[in-house]
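What follows is protein.txt (compact mmCIF, C-alpha atoms).
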```txt
# COMPACT_ATOMS: atom_id res chain seq x y z
CA MET O 1 95.18 68.30 125.05
CA GLY O 2 95.95 70.19 121.83
CA ARG O 3 97.84 73.41 121.74
CA LEU O 4 96.30 76.57 120.32
CA VAL O 5 98.61 78.39 117.96
CA ILE O 6 97.83 81.99 117.24
CA ALA O 7 99.31 83.40 114.06
CA GLN O 8 99.88 87.11 113.89
CA VAL O 9 99.74 88.92 110.61
CA PHE O 10 101.70 92.11 110.49
CA LEU O 11 100.42 94.62 107.96
CA ILE O 12 102.74 97.16 106.48
CA ALA O 13 101.33 100.56 107.33
CA LEU O 14 103.24 103.63 106.23
CA ILE O 15 102.71 106.79 108.24
CA ILE O 16 101.80 110.10 106.65
CA GLU O 17 105.33 111.48 107.19
CA GLN O 18 106.53 108.91 104.66
CA ARG O 19 104.16 110.21 101.99
CA PRO O 20 105.95 111.76 98.98
CA GLU O 21 106.55 115.50 99.09
CA ALA O 22 104.58 115.90 95.84
CA ALA O 23 101.50 114.60 97.67
CA ASN O 24 102.13 116.82 100.67
CA HIS O 25 102.39 119.90 98.44
CA ARG O 26 99.43 119.03 96.19
CA GLN O 27 101.64 119.06 93.09
CA HIS O 28 99.48 116.73 90.99
CA VAL O 29 96.17 114.95 90.74
CA GLY O 30 96.15 111.46 92.22
CA ASP O 31 96.85 111.90 95.90
CA TRP O 32 93.62 110.97 97.69
CA GLU O 33 92.42 111.14 101.29
CA ALA O 34 89.80 108.67 102.54
CA ASP O 35 87.37 108.49 105.43
CA THR O 36 83.94 107.18 106.39
CA LEU O 37 80.94 109.12 107.59
CA ILE O 38 79.00 107.08 110.12
CA GLY O 39 75.24 107.34 110.58
CA GLN O 40 73.52 108.00 113.89
CA HIS O 41 73.67 104.98 116.21
CA HIS O 42 76.30 103.50 113.83
CA GLN O 43 73.59 102.74 111.27
CA GLY O 44 75.01 102.94 107.77
CA ALA O 45 78.07 104.70 106.43
CA ILE O 46 79.35 106.68 103.47
CA VAL O 47 82.92 106.13 102.30
CA THR O 48 84.51 109.38 101.09
CA LEU O 49 87.53 110.16 98.92
CA ASP O 50 89.06 113.54 98.08
CA ASP O 51 91.76 114.43 95.59
CA ARG O 52 94.18 116.81 97.31
CA LYS O 53 94.95 118.88 94.19
CA SER O 54 91.56 119.37 92.50
CA LYS O 55 89.43 118.96 95.66
CA LEU O 56 87.25 116.50 93.73
CA ARG O 57 85.09 114.40 96.04
CA LEU O 58 83.91 110.82 95.45
CA ALA O 59 81.65 108.89 97.81
CA ALA O 60 79.46 105.80 98.08
CA PRO O 61 76.88 104.64 100.63
CA LEU O 62 77.52 101.45 102.61
CA ALA O 63 75.38 99.32 104.91
CA GLY O 64 78.18 99.46 107.50
CA LYS O 65 81.90 100.01 107.77
CA LYS O 66 83.30 96.50 107.48
CA ALA O 67 86.80 96.52 106.00
CA GLU O 68 85.90 94.35 103.00
CA SER O 69 82.93 96.56 102.04
CA VAL O 70 84.98 99.73 102.43
CA LYS O 71 87.81 98.33 100.31
CA ASP O 72 85.39 97.20 97.59
CA ALA O 73 83.68 100.60 97.52
CA ILE O 74 86.98 102.51 97.29
CA VAL O 75 88.20 100.26 94.49
CA ALA O 76 84.91 100.68 92.62
CA LEU O 77 85.11 104.48 92.96
CA LEU O 78 88.76 104.76 91.94
CA ARG O 79 89.05 102.01 89.32
CA PRO O 80 87.86 104.32 86.49
CA LEU O 81 90.55 106.79 87.63
CA LYS O 82 93.32 104.24 88.18
CA ALA O 83 95.76 106.27 86.09
CA HIS O 84 95.13 109.15 88.50
CA VAL O 85 95.60 107.26 91.76
CA LYS O 86 99.09 107.57 93.21
CA THR O 87 98.50 107.62 96.97
CA ILE O 88 95.63 107.23 99.43
CA THR O 89 95.89 108.51 103.00
CA PHE O 90 93.57 107.10 105.68
CA ASP O 91 92.84 107.71 109.32
CA ASN O 92 93.39 104.79 111.70
CA GLY O 93 89.91 103.28 111.53
CA LYS O 94 89.57 99.48 111.41
CA GLU O 95 87.55 99.89 108.24
CA PHE O 96 90.81 100.50 106.36
CA ALA O 97 92.41 97.22 107.46
CA GLN O 98 92.42 95.93 103.87
CA HIS O 99 94.58 98.79 102.63
CA GLU O 100 97.23 96.42 101.28
CA ALA O 101 94.74 94.58 99.04
CA LEU O 102 93.34 97.93 97.94
CA ALA O 103 96.83 99.25 97.13
CA LYS O 104 97.64 96.14 95.12
CA GLU O 105 94.41 96.36 93.14
CA LEU O 106 94.78 100.07 92.37
CA GLU O 107 98.60 99.95 92.08
CA CYS O 108 99.07 102.84 94.50
CA ASP O 109 100.69 103.51 97.86
CA THR O 110 98.70 103.88 101.08
CA TYR O 111 99.51 105.95 104.16
CA PHE O 112 97.98 106.53 107.59
CA ALA O 113 97.71 109.67 109.68
CA LYS O 114 98.85 109.28 113.26
CA PRO O 115 96.06 108.69 115.78
CA TYR O 116 94.33 111.93 116.81
CA HIS O 117 96.01 113.83 113.94
CA SER O 118 92.99 114.10 111.64
CA TRP O 119 94.07 117.66 110.77
CA LYS O 120 96.86 116.08 108.69
CA ARG O 121 94.09 114.88 106.36
CA GLY O 122 92.41 118.27 106.45
CA GLN O 123 91.12 118.18 102.87
CA ASN O 124 89.00 115.11 103.60
CA GLU O 125 87.87 116.25 107.05
CA ASN O 126 86.71 119.61 105.66
CA ALA O 127 84.87 117.96 102.76
CA ASP O 128 83.19 115.55 105.21
CA GLY O 129 81.80 118.63 106.94
CA LEU O 130 80.41 119.88 103.62
CA LEU O 131 78.82 116.49 102.91
CA ARG O 132 77.23 116.58 106.38
CA GLN O 133 75.08 119.45 105.06
CA TYR O 134 73.23 116.75 103.13
CA PHE O 135 73.65 113.86 105.59
CA PRO O 136 73.71 115.31 109.14
CA LYS O 137 75.08 113.41 112.14
CA THR O 138 71.53 113.05 113.46
CA MET O 139 70.61 110.96 110.41
CA THR O 140 70.98 107.21 110.08
CA LEU O 141 72.68 106.43 106.79
CA ILE O 142 71.35 102.90 106.39
CA ASP O 143 68.71 103.91 103.81
CA VAL O 144 70.79 106.50 101.93
CA THR O 145 70.75 105.68 98.22
CA THR O 146 73.53 105.97 95.67
CA LYS O 147 71.38 108.53 93.85
CA GLN O 148 71.19 110.74 96.96
CA VAL O 149 74.96 110.58 97.43
CA LEU O 150 75.62 111.35 93.76
CA GLU O 151 73.26 114.33 93.83
CA ALA O 152 75.10 115.75 96.87
CA LEU O 153 78.46 115.12 95.19
CA HIS O 154 77.30 116.88 92.04
CA LYS O 155 76.45 119.98 94.09
CA LEU O 156 79.75 119.91 96.00
CA ASN O 157 81.96 119.18 92.98
CA ASN O 158 80.30 122.00 91.04
CA ARG O 159 80.51 124.61 93.81
CA PRO O 160 83.16 127.29 93.13
CA ARG O 161 85.98 127.39 95.69
CA LYS O 162 88.09 130.37 96.61
CA CYS O 163 91.17 128.14 97.01
CA LEU O 164 90.72 127.05 93.37
CA GLY O 165 90.50 130.62 92.04
CA PHE O 166 86.69 130.37 92.15
CA ARG O 167 86.71 127.39 89.81
CA THR O 168 84.92 124.21 90.80
CA PRO O 169 86.58 120.90 91.72
CA ALA O 170 84.96 119.36 88.61
CA GLU O 171 86.46 122.09 86.39
CA VAL O 172 89.93 121.76 87.91
CA PHE O 173 89.84 117.97 87.66
CA MET O 174 88.79 118.24 83.99
CA GLU O 175 91.59 120.75 83.26
CA LEU O 176 94.22 118.52 84.87
CA THR O 177 93.07 115.12 83.61
CA GLY O 178 90.75 115.68 80.65
CA LEU O 179 88.11 113.60 82.46
CA ASP O 180 84.58 114.78 83.20
CA ALA O 181 84.08 114.11 86.90
CA ASN O 182 80.30 114.21 86.58
CA ASN O 183 80.39 111.26 84.19
CA LEU O 184 82.88 109.36 86.32
CA SER O 185 80.78 109.56 89.44
CA GLY O 186 77.80 108.12 87.59
CA TYR O 187 75.74 111.27 88.06
CA ALA O 188 75.04 111.56 84.33
CA LEU O 189 73.50 108.08 84.40
CA ILE O 190 70.86 108.99 86.99
CA THR O 191 69.69 112.36 85.66
```
Could you express the structure from this file as structure tokens?
Amino acid sequence: MGRLVIAQVFLIALIIEQRPEAANHRQHVGDWEADTLIGQHHQGAIVTLDDRKSKLRLAAPLAGKKAESVKDAIVALLRPLKAHVKTITFDNGKEFAQHEALAKELECDTYFAKPYHSWKRGQNENADGLLRQYFPKTMTLIDVTTKQVLEALHKLNNRPRKCLGFRTPAEVFMELTGLDANNLSGYALIT
């Protein structure tokens, strides 16, 4: 009888306490937080990204939250901003299992919050709550279109924020990078 050999692959996962102080103190654009919104009955998902400094939000709808799909969506969202991607901080969901491939492709560092410490990624958690205004928990996300997500993002990224001196995330991102966030998200292409 043959012997079954099980190979274990150990992924390098850095914890949030190892994240650079510049990221912790929101000193520059390029430190992102990531999460997924899940539809009712686990039908569909939206991957979300938030820049800690400018509060800019990016997102894309997904059929589910498989690691490969999540990685591909994050890379597609951040590739046009590659020069402004230094770190990405995730929660401990299985959908972020391909963080090493993502980090290699975007040439950035990835970090994970400790389990049950979602408050350490507060920027992203708060912005998820704002996005839920458009995609409530009672809604399946399986049929959500890219256009619907981009329209919600346009509203959120162009909403003045007290913490930004009543400027919008899109304005702050433009001031700090010279890039028009509305064009990057693809919104200009669908209007």
Of O:Lys66, O:Lys71, O:Lys147, O:Arg159, the one nearest to His42 (chain O) when counting all atoms listed in the file is O:Lys66
Contacts of region 81-93 of chain O at 7 Å (only C-alpha atoms; same-chain gap of 2+ positions) as a ChimeraX atom specification: /O:29-35,78-79,95-96,106,108-113,115,118
Please dump the current selection as an mmCIF file, in the frame of the given file; keep C-alpha atoms.
```
data_model
loop_
_atom_site.group_PDB
_atom_site.id
_atom_site.type_symbol
_atom_site.label_atom_id
_atom_site.label_comp_id
_atom_site.auth_asym_id
_atom_site.auth_seq_id
_atom_site.Cartn_x
_atom_site.Cartn_y
_atom_site.Cartn_z
ATOM 1 C CA VAL O 29 96.170 114.950 90.740
ATOM 2 C CA GLY O 30 96.150 111.460 92.220
ATOM 3 C CA ASP O 31 96.850 111.900 95.900
ATOM 4 C CA TRP O 32 93.620 110.970 97.690
ATOM 5 C CA GLU O 33 92.420 111.140 101.290
ATOM 6 C CA ALA O 34 89.800 108.670 102.540
ATOM 7 C CA ASP O 35 87.370 108.490 105.430
ATOM 8 C CA LEU O 78 88.760 104.760 91.940
ATOM 9 C CA ARG O 79 89.050 102.010 89.320
ATOM 10 C CA GLU O 95 87.550 99.890 108.240
ATOM 11 C CA PHE O 96 90.810 100.500 106.360
ATOM 12 C CA LEU O 106 94.780 100.070 92.370
ATOM 13 C CA CYS O 108 99.070 102.840 94.500
ATOM 14 C CA ASP O 109 100.690 103.510 97.860
ATOM 15 C CA THR O 110 98.700 103.880 101.080
ATOM 16 C CA TYR O 111 99.510 105.950 104.160
ATOM 17 C CA PHE O 112 97.980 106.530 107.590
ATOM 18 C CA ALA O 113 97.710 109.670 109.680
ATOM 19 C CA PRO O 115 96.060 108.690 115.780
ATOM 20 C CA SER O 118 92.990 114.100 111.640
#
```
Of the candidates O:Lys104, O:Lys114, O:Lys120, O:His41, which shows the shortest atom-to-atom distance to Thr140 (chain O), using all atoms listed in the file? O:His41
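CA of Asn183 (chain O) sits 15.2 Å away from CA of Thr168 (chain O).
Here CA of Ala23 (chain O) is placed at a distance of 10.0 Å from CA of Asp51 (chain O).
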Just want the 10 Å neighbourhood of Val70 (chain O), counted on only C-alpha atoms, with same-chain residues fewer than 4 positions away dropped. Output as a short mmCIF file (atom, residue, chain, number, x, y, z; two decimals) with C-alpha atoms, in the frame of the given file.
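Now in selection.cif:
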```
data_model
loop_
_atom_site.label_atom_id
_atom_site.label_comp_id
_atom_site.auth_asym_id
_atom_site.auth_seq_id
_atom_site.Cartn_x
_atom_site.Cartn_y
_atom_site.Cartn_z
CA ASP O 35 87.37 108.49 105.43
CA THR O 36 83.94 107.18 106.39
CA ALA O 45 78.07 104.70 106.43
CA ILE O 46 79.35 106.68 103.47
CA VAL O 47 82.92 106.13 102.30
CA THR O 48 84.51 109.38 101.09
CA ALA O 60 79.46 105.80 98.08
CA PRO O 61 76.88 104.64 100.63
CA LEU O 62 77.52 101.45 102.61
CA ALA O 63 75.38 99.32 104.91
CA GLY O 64 78.18 99.46 107.50
CA LYS O 65 81.90 100.01 107.77
CA LYS O 66 83.30 96.50 107.48
CA ILE O 74 86.98 102.51 97.29
CA VAL O 75 88.20 100.26 94.49
CA ALA O 76 84.91 100.68 92.62
CA GLU O 95 87.55 99.89 108.24
CA PHE O 96 90.81 100.50 106.36
CA ALA O 97 92.41 97.22 107.46
CA GLN O 98 92.42 95.93 103.87
CA HIS O 99 94.58 98.79 102.63
CA LEU O 102 93.34 97.93 97.94
#
```
Between CA of Pro20 (chain O) and CA of Phe166 (chain O) - distance in Å to one decimal: 27.6 Å
Residue neighbourhood Gly39 (chain O), 8 Å, all atoms listed in the file, exclusion window fewer than 5 positions, as a PyMOL selection string: chain O and resi 44-45+137-142
Within 12 Å of Cys163 (chain O), counting only C-alpha atoms, which residues qualify if same-chain residues fewer than 4 places away don't, as a VMD selection string? chain O and resid 52 to 55 123 159 167 to 169 172
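Of the residues under consideration (O:Asn126, O:Phe135, O:Ala170, O:Ala59), O:Ala59 shows the shortest atom-to-atom contact distance to Leu150 (chain O) when counting only C-alpha atoms.
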Of the candidates O:Gly178, O:Arg121, O:Glu107, O:Leu49, which one gets nearest to Leu37 (chain O) if we count all atoms listed in the file? O:Leu49
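Residue nearest Leu184 (chain O) within the list O:Leu164, O:Ala101, O:Leu58, O:Val144: O:Leu58 [criterion: smallest interatomic distance, only C-alpha atoms].
Nearest residue to His154 (chain O), choosing from O:Ile38, O:Arg57, O:Ala73, O:Leu179 and counting all atoms listed in the file: O:Arg57.
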